[in-house]
Amino acid sequence: MKQLLFILIGCALLLQGCKENPKKKQTAETTTEDTSLFTKTVLKIIPIEHATLVLEWNDTTIYIDPVGGPEPFEEQNEPDLILITDVHGDHLSVDTLVDLPTENSKIIVPQAVADLLPETFTAQVHILNNDDSTEQDGITIEAIPMYNLREEALKFHTKGRGNGYVLNVGDKRLYFSGDTEDIPEMRNLKNIDKAFICMNLPYTMTVESAAEAVLEFQPKQVYPYHYRGKPDIGDVAKFESLVKASNQEIEVVQLDWYPNDDF
């Protein structure tokens, strides 16, 4: 009888482990670690959703375009730096900023975003407009233009309003496109190690334009993100095939940017 009881308990524990494994696997699949920066440092990339992500480097935590309320960030470190690219709701959420523990955060934004923030954030805000740069917590941040080129899309993102960003983290350069098309300022980027590239219509660019731009500035790794549009979803697999067909050296890294969706 005792032997049967032990068997039943063992089976129960095994089943519990099986239920927990998918969640652990998802975390591993959606987190990229790069230990090549220094021998004892790690750059961790944690996708949250769409254009929102968390970076961890040494003891510094960076939130990029935090939206969606505080819940998606409950398991994350408190932010030392917050970077916001544009005024649209999938990049700027004042309610999210108010609800997050940001008392000790430095907030990097273009002027258009600063104009929409409550006065309570004024002392924390560092305005960075196109082509400006600043150094915060040992990280040099460069503001890169982001805007539309297609005539039918000019109304979405005007030149000079929002920022893409290049972060110089240790000896690596990370590029975050924000909302943009394949503009000359993107194509002229140099020595980018990791590039986060948007591709959703009608607001930003096609997967073909994104691939052409990436093939021109040749980052070592490219992370497709911000690829949900209306009504279509950017074809990330097609993007990867276009890049790989012309340059096998560029690594395309696909993370789970839409954990709550079925596609």
# chains A, B, ... in the order shown; residues from 1 in each chain; ligands from 1

$ closest_atom_pairs --of "region 86-188 of chain A" --to "region 224-240 of chain A" --cutoff "12 Å" --atoms "only C-alpha atoms" --output "Markdown table"
| residue | atom | partner | partner_atom | distance |
| --- | --- | --- | --- | --- |
| A:Asp90 | CA | A:His226 | CA | 9.4 |
| A:His91 | CA | A:His226 | CA | 10.3 |
| A:Tyr175 | CA | A:Pro224 | CA | 11.7 |
| A:Phe176 | CA | A:Tyr225 | CA | 9.5 |
| A:Ser177 | CA | A:Tyr225 | CA | 9.4 |
| A:Gly178 | CA | A:His226 | CA | 8.3 |
| A:Asp179 | CA | A:His226 | CA | 8.3 |
| A:Thr180 | CA | A:His226 | CA | 10.6 |

$ write_last_selection --atoms "C-alpha atoms" --output "short mmCIF file (atom, residue, chain, number, x, y, z; two decimals), in the first residue's frame"
data_model
loop_
_atom_site.label_atom_id
_atom_site.label_comp_id
_atom_site.auth_asym_id
_atom_site.auth_seq_id
_atom_site.Cartn_x
_atom_site.Cartn_y
_atom_site.Cartn_z
CA ASP A 90 2.18 51.98 -28.42
CA HIS A 91 5.31 53.92 -27.39
CA TYR A 175 19.91 50.26 -32.68
CA PHE A 176 16.19 50.65 -31.98
CA SER A 177 14.33 51.91 -35.02
CA GLY A 178 11.14 53.17 -33.41
CA ASP A 179 8.48 53.93 -36.05
CA THR A 180 10.24 54.56 -39.34
#

$ select_by_dssp --residues "region 18-233 of chain A" --states "alpha helix (DSSP H)" --output "PyMOL selection string"
chain A and resi 18-29+94-99+111-114+184-187+207-217

$ write_last_selection --atoms "N, CA and C atoms" --output "compact mmCIF listing (two decimals), in the first residue's frame"
# COMPACT_ATOMS: atom_id res chain seq x y z
N CYS A 18 5.71 18.73 -15.59
CA CYS A 18 5.38 18.85 -17.00
C CYS A 18 4.58 20.11 -17.28
N LYS A 19 3.67 20.46 -16.34
CA LYS A 19 2.88 21.67 -16.51
C LYS A 19 3.73 22.92 -16.40
N GLU A 20 4.77 22.87 -15.56
CA GLU A 20 5.58 24.06 -15.36
C GLU A 20 6.59 24.27 -16.47
N ASN A 21 7.03 23.20 -17.12
CA ASN A 21 8.10 23.31 -18.11
C ASN A 21 7.79 24.25 -19.26
N PRO A 22 6.56 24.24 -19.85
CA PRO A 22 6.30 25.15 -20.95
C PRO A 22 6.56 26.60 -20.58
N LYS A 23 6.18 27.00 -19.37
CA LYS A 23 6.39 28.38 -18.95
C LYS A 23 7.88 28.68 -18.88
N LYS A 24 8.66 27.78 -18.33
CA LYS A 24 10.10 27.99 -18.24
C LYS A 24 10.73 28.03 -19.63
N LYS A 25 10.24 27.17 -20.53
CA LYS A 25 10.77 27.14 -21.88
C LYS A 25 10.50 28.46 -22.58
N GLN A 26 9.29 29.02 -22.37
CA GLN A 26 8.94 30.29 -23.00
C GLN A 26 9.88 31.39 -22.54
N THR A 27 10.19 31.41 -21.26
CA THR A 27 11.10 32.43 -20.75
C THR A 27 12.47 32.30 -21.40
N ALA A 28 12.95 31.09 -21.54
CA ALA A 28 14.26 30.88 -22.17
C ALA A 28 14.24 31.29 -23.63
N GLU A 29 13.15 31.02 -24.30
CA GLU A 29 13.07 31.34 -25.72
C GLU A 29 12.94 32.84 -25.97
N VAL A 94 1.48 57.56 -20.51
CA VAL A 94 1.69 58.33 -19.28
C VAL A 94 1.17 57.55 -18.08
N ASP A 95 0.04 56.88 -18.25
CA ASP A 95 -0.52 56.09 -17.14
C ASP A 95 0.46 55.01 -16.68
N THR A 96 1.13 54.36 -17.64
CA THR A 96 2.10 53.33 -17.28
C THR A 96 3.27 53.95 -16.52
N LEU A 97 3.78 55.07 -17.00
CA LEU A 97 4.89 55.73 -16.33
C LEU A 97 4.52 56.12 -14.90
N VAL A 98 3.32 56.61 -14.72
CA VAL A 98 2.87 57.02 -13.39
C VAL A 98 2.80 55.83 -12.45
N ASP A 99 2.41 54.68 -12.96
CA ASP A 99 2.22 53.50 -12.11
C ASP A 99 3.49 52.70 -11.88
N GLN A 111 11.50 66.13 -27.69
CA GLN A 111 10.72 67.26 -27.17
C GLN A 111 9.22 66.99 -27.23
N ALA A 112 8.75 66.38 -28.32
CA ALA A 112 7.32 66.13 -28.49
C ALA A 112 6.76 65.25 -27.38
N VAL A 113 7.56 64.29 -26.92
CA VAL A 113 7.14 63.44 -25.80
C VAL A 113 7.21 64.21 -24.49
N ALA A 114 8.27 64.98 -24.31
CA ALA A 114 8.40 65.78 -23.08
C ALA A 114 7.20 66.70 -22.88
N PRO A 184 17.41 57.26 -45.09
CA PRO A 184 18.88 57.31 -45.28
C PRO A 184 19.65 57.23 -43.97
N GLU A 185 19.10 57.84 -42.90
CA GLU A 185 19.80 57.83 -41.62
C GLU A 185 19.94 56.41 -41.06
N MET A 186 19.00 55.55 -41.37
CA MET A 186 19.12 54.14 -40.97
C MET A 186 20.13 53.42 -41.87
N ARG A 187 19.99 53.62 -43.16
CA ARG A 187 20.87 52.94 -44.11
C ARG A 187 22.34 53.32 -43.92
N VAL A 207 8.10 44.54 -45.18
CA VAL A 207 9.22 43.65 -44.86
C VAL A 207 10.30 43.76 -45.93
N GLU A 208 9.91 44.04 -47.18
CA GLU A 208 10.90 44.20 -48.24
C GLU A 208 11.79 45.42 -47.99
N SER A 209 11.17 46.54 -47.60
CA SER A 209 11.95 47.75 -47.31
C SER A 209 12.84 47.53 -46.10
N ALA A 210 12.32 46.86 -45.09
CA ALA A 210 13.12 46.59 -43.89
C ALA A 210 14.33 45.73 -44.24
N ALA A 211 14.12 44.72 -45.07
CA ALA A 211 15.22 43.84 -45.45
C ALA A 211 16.27 44.60 -46.27
N GLU A 212 15.82 45.44 -47.19
CA GLU A 212 16.76 46.21 -48.01
C GLU A 212 17.62 47.13 -47.15
N ALA A 213 16.99 47.78 -46.17
CA ALA A 213 17.76 48.67 -45.28
C ALA A 213 18.78 47.89 -44.46
N VAL A 214 18.35 46.75 -43.91
CA VAL A 214 19.25 45.93 -43.11
C VAL A 214 20.43 45.44 -43.95
N LEU A 215 20.16 45.06 -45.18
CA LEU A 215 21.23 44.58 -46.04
C LEU A 215 22.22 45.70 -46.38
N GLU A 216 21.76 46.94 -46.29
CA GLU A 216 22.68 48.05 -46.59
C GLU A 216 23.57 48.38 -45.39
N PHE A 217 22.98 48.46 -44.16
CA PHE A 217 23.86 48.84 -43.05
C PHE A 217 24.44 47.64 -42.30

$ closest_residue --among "A:Pro110, A:Gly138, A:Pro79, A:Pro202" --to "Gly160 (chain A)" --atoms "only C-alpha atoms"
A:Pro110

$ atom_distance --atom1 "CA of Asp65 (chain A)" --atom2 "CA of Thr52 (chain A)"
5.0 Å

$ closest_residue --among "A:Leu81, A:Met205, A:Val87, A:Val222" --to "Asp59 (chain A)" --atoms "only C-alpha atoms"
A:Leu81

$ atom_distance --atom1 "CA of Asn188 (chain A)" --atom2 "CA of Glu152 (chain A)"
24.3 Å

$ residues_around --residues "Gly162 (chain A)" --least-positions-apart "5" --cutoff "6 Å" --atoms "only C-alpha atoms" --output "compact mmCIF listing (two decimals) with C-alpha atoms, in the first residue's frame"
# COMPACT_ATOMS: atom_id res chain seq x y z
CA THR A 85 10.66 57.03 -29.07
CA ASP A 86 7.40 58.78 -29.99
CA MET A 146 12.60 58.21 -37.51

$ select_by_dssp --residues "region 194-246 of chain A" --states "strand (DSSP E)" --output "PyMOL selection string"
chain A and resi 194-197+221-224

$ closest_residue --among "A:Ala123, A:Cys198, A:Ala245, A:Ala51" --to "Ile64 (chain A)" --atoms "only C-alpha atoms"
A:Ala51

$ atom_distance --atom1 "CA of Ala143 (chain A)" --atom2 "CA of Trp57 (chain A)"
19.8 Å

$ closest_residue --among "A:Ile141, A:Val252, A:Leu117, A:Leu242" --to "Pro219 (chain A)" --atoms "only C-alpha atoms"
A:Val252

$ decode --residues "region 230-262 of chain A" --atoms "N, CA and C atoms" --output "compact mmCIF listing (two decimals), in the first residue's frame"
# COMPACT_ATOMS: atom_id res chain seq x y z
N LYS A 230 -2.38 46.85 -39.02
CA LYS A 230 -3.83 46.78 -39.17
C LYS A 230 -4.16 46.72 -40.66
N PRO A 231 -4.74 45.62 -41.14
CA PRO A 231 -5.15 44.44 -40.38
C PRO A 231 -4.10 43.32 -40.37
N ASP A 232 -3.00 43.53 -41.10
CA ASP A 232 -2.06 42.43 -41.33
C ASP A 232 -0.93 42.40 -40.31
N ILE A 233 -0.29 41.25 -40.24
CA ILE A 233 0.90 41.05 -39.41
C ILE A 233 2.11 40.99 -40.33
N GLY A 234 3.18 41.70 -39.97
CA GLY A 234 4.39 41.64 -40.78
C GLY A 234 4.91 40.22 -40.89
N ASP A 235 5.28 39.82 -42.08
CA ASP A 235 5.73 38.45 -42.34
C ASP A 235 7.22 38.34 -41.97
N VAL A 236 7.47 38.00 -40.71
CA VAL A 236 8.84 37.95 -40.20
C VAL A 236 9.64 36.84 -40.89
N ALA A 237 8.99 35.73 -41.19
CA ALA A 237 9.68 34.63 -41.88
C ALA A 237 10.14 35.08 -43.27
N LYS A 238 9.31 35.85 -43.95
CA LYS A 238 9.70 36.37 -45.27
C LYS A 238 10.86 37.34 -45.13
N PHE A 239 10.81 38.19 -44.10
CA PHE A 239 11.91 39.12 -43.85
C PHE A 239 13.22 38.36 -43.67
N GLU A 240 13.19 37.32 -42.88
CA GLU A 240 14.40 36.54 -42.64
C GLU A 240 14.91 35.91 -43.93
N SER A 241 14.01 35.39 -44.74
CA SER A 241 14.44 34.74 -45.98
C SER A 241 15.05 35.76 -46.95
N LEU A 242 14.52 36.98 -46.97
CA LEU A 242 15.08 38.02 -47.84
C LEU A 242 16.48 38.41 -47.39
N VAL A 243 16.65 38.54 -46.09
CA VAL A 243 17.98 38.89 -45.57
C VAL A 243 18.98 37.77 -45.85
N LYS A 244 18.58 36.55 -45.53
CA LYS A 244 19.49 35.42 -45.67
C LYS A 244 19.84 35.12 -47.13
N ALA A 245 18.92 35.44 -48.04
CA ALA A 245 19.18 35.18 -49.45
C ALA A 245 20.32 36.04 -49.99
N SER A 246 20.55 37.20 -49.36
CA SER A 246 21.60 38.11 -49.82
C SER A 246 22.81 38.17 -48.91
N ASN A 247 22.62 37.85 -47.63
CA ASN A 247 23.75 37.93 -46.70
C ASN A 247 23.57 36.92 -45.58
N GLN A 248 24.28 35.81 -45.68
CA GLN A 248 24.18 34.75 -44.69
C GLN A 248 24.84 35.13 -43.37
N GLU A 249 25.66 36.19 -43.38
CA GLU A 249 26.39 36.58 -42.17
C GLU A 249 25.51 37.31 -41.16
N ILE A 250 24.41 37.89 -41.61
CA ILE A 250 23.52 38.61 -40.69
C ILE A 250 22.60 37.60 -40.01
N GLU A 251 22.64 37.56 -38.70
CA GLU A 251 21.79 36.64 -37.94
C GLU A 251 20.46 37.30 -37.64
N VAL A 252 19.38 36.63 -37.98
CA VAL A 252 18.03 37.12 -37.68
C VAL A 252 17.54 36.40 -36.43
N VAL A 253 17.24 37.17 -35.39
CA VAL A 253 16.83 36.61 -34.10
C VAL A 253 15.36 36.92 -33.89
N GLN A 254 14.53 35.88 -33.80
CA GLN A 254 13.10 36.06 -33.63
C GLN A 254 12.72 35.77 -32.18
N LEU A 255 12.23 36.81 -31.51
CA LEU A 255 11.73 36.67 -30.15
C LEU A 255 10.21 36.76 -30.15
N ASP A 256 9.61 36.43 -29.03
CA ASP A 256 8.15 36.42 -28.92
C ASP A 256 7.68 37.80 -28.44
N TRP A 257 7.29 38.63 -29.42
CA TRP A 257 6.86 40.00 -29.10
C TRP A 257 5.36 40.08 -28.84
N TYR A 258 4.64 39.03 -29.06
CA TYR A 258 3.18 39.05 -28.88
C TYR A 258 2.75 37.81 -28.10
N PRO A 259 3.14 37.73 -26.82
CA PRO A 259 2.88 36.51 -26.04
C PRO A 259 1.41 36.26 -25.77
N ASN A 260 0.58 37.27 -25.91
CA ASN A 260 -0.85 37.11 -25.60
C ASN A 260 -1.69 36.86 -26.83
N ASP A 261 -1.05 36.76 -27.99
CA ASP A 261 -1.79 36.52 -29.23
C ASP A 261 -1.56 35.10 -29.71
N ASP A 262 -2.40 34.68 -30.65
CA ASP A 262 -2.35 33.31 -31.15
C ASP A 262 -1.47 33.15 -32.38
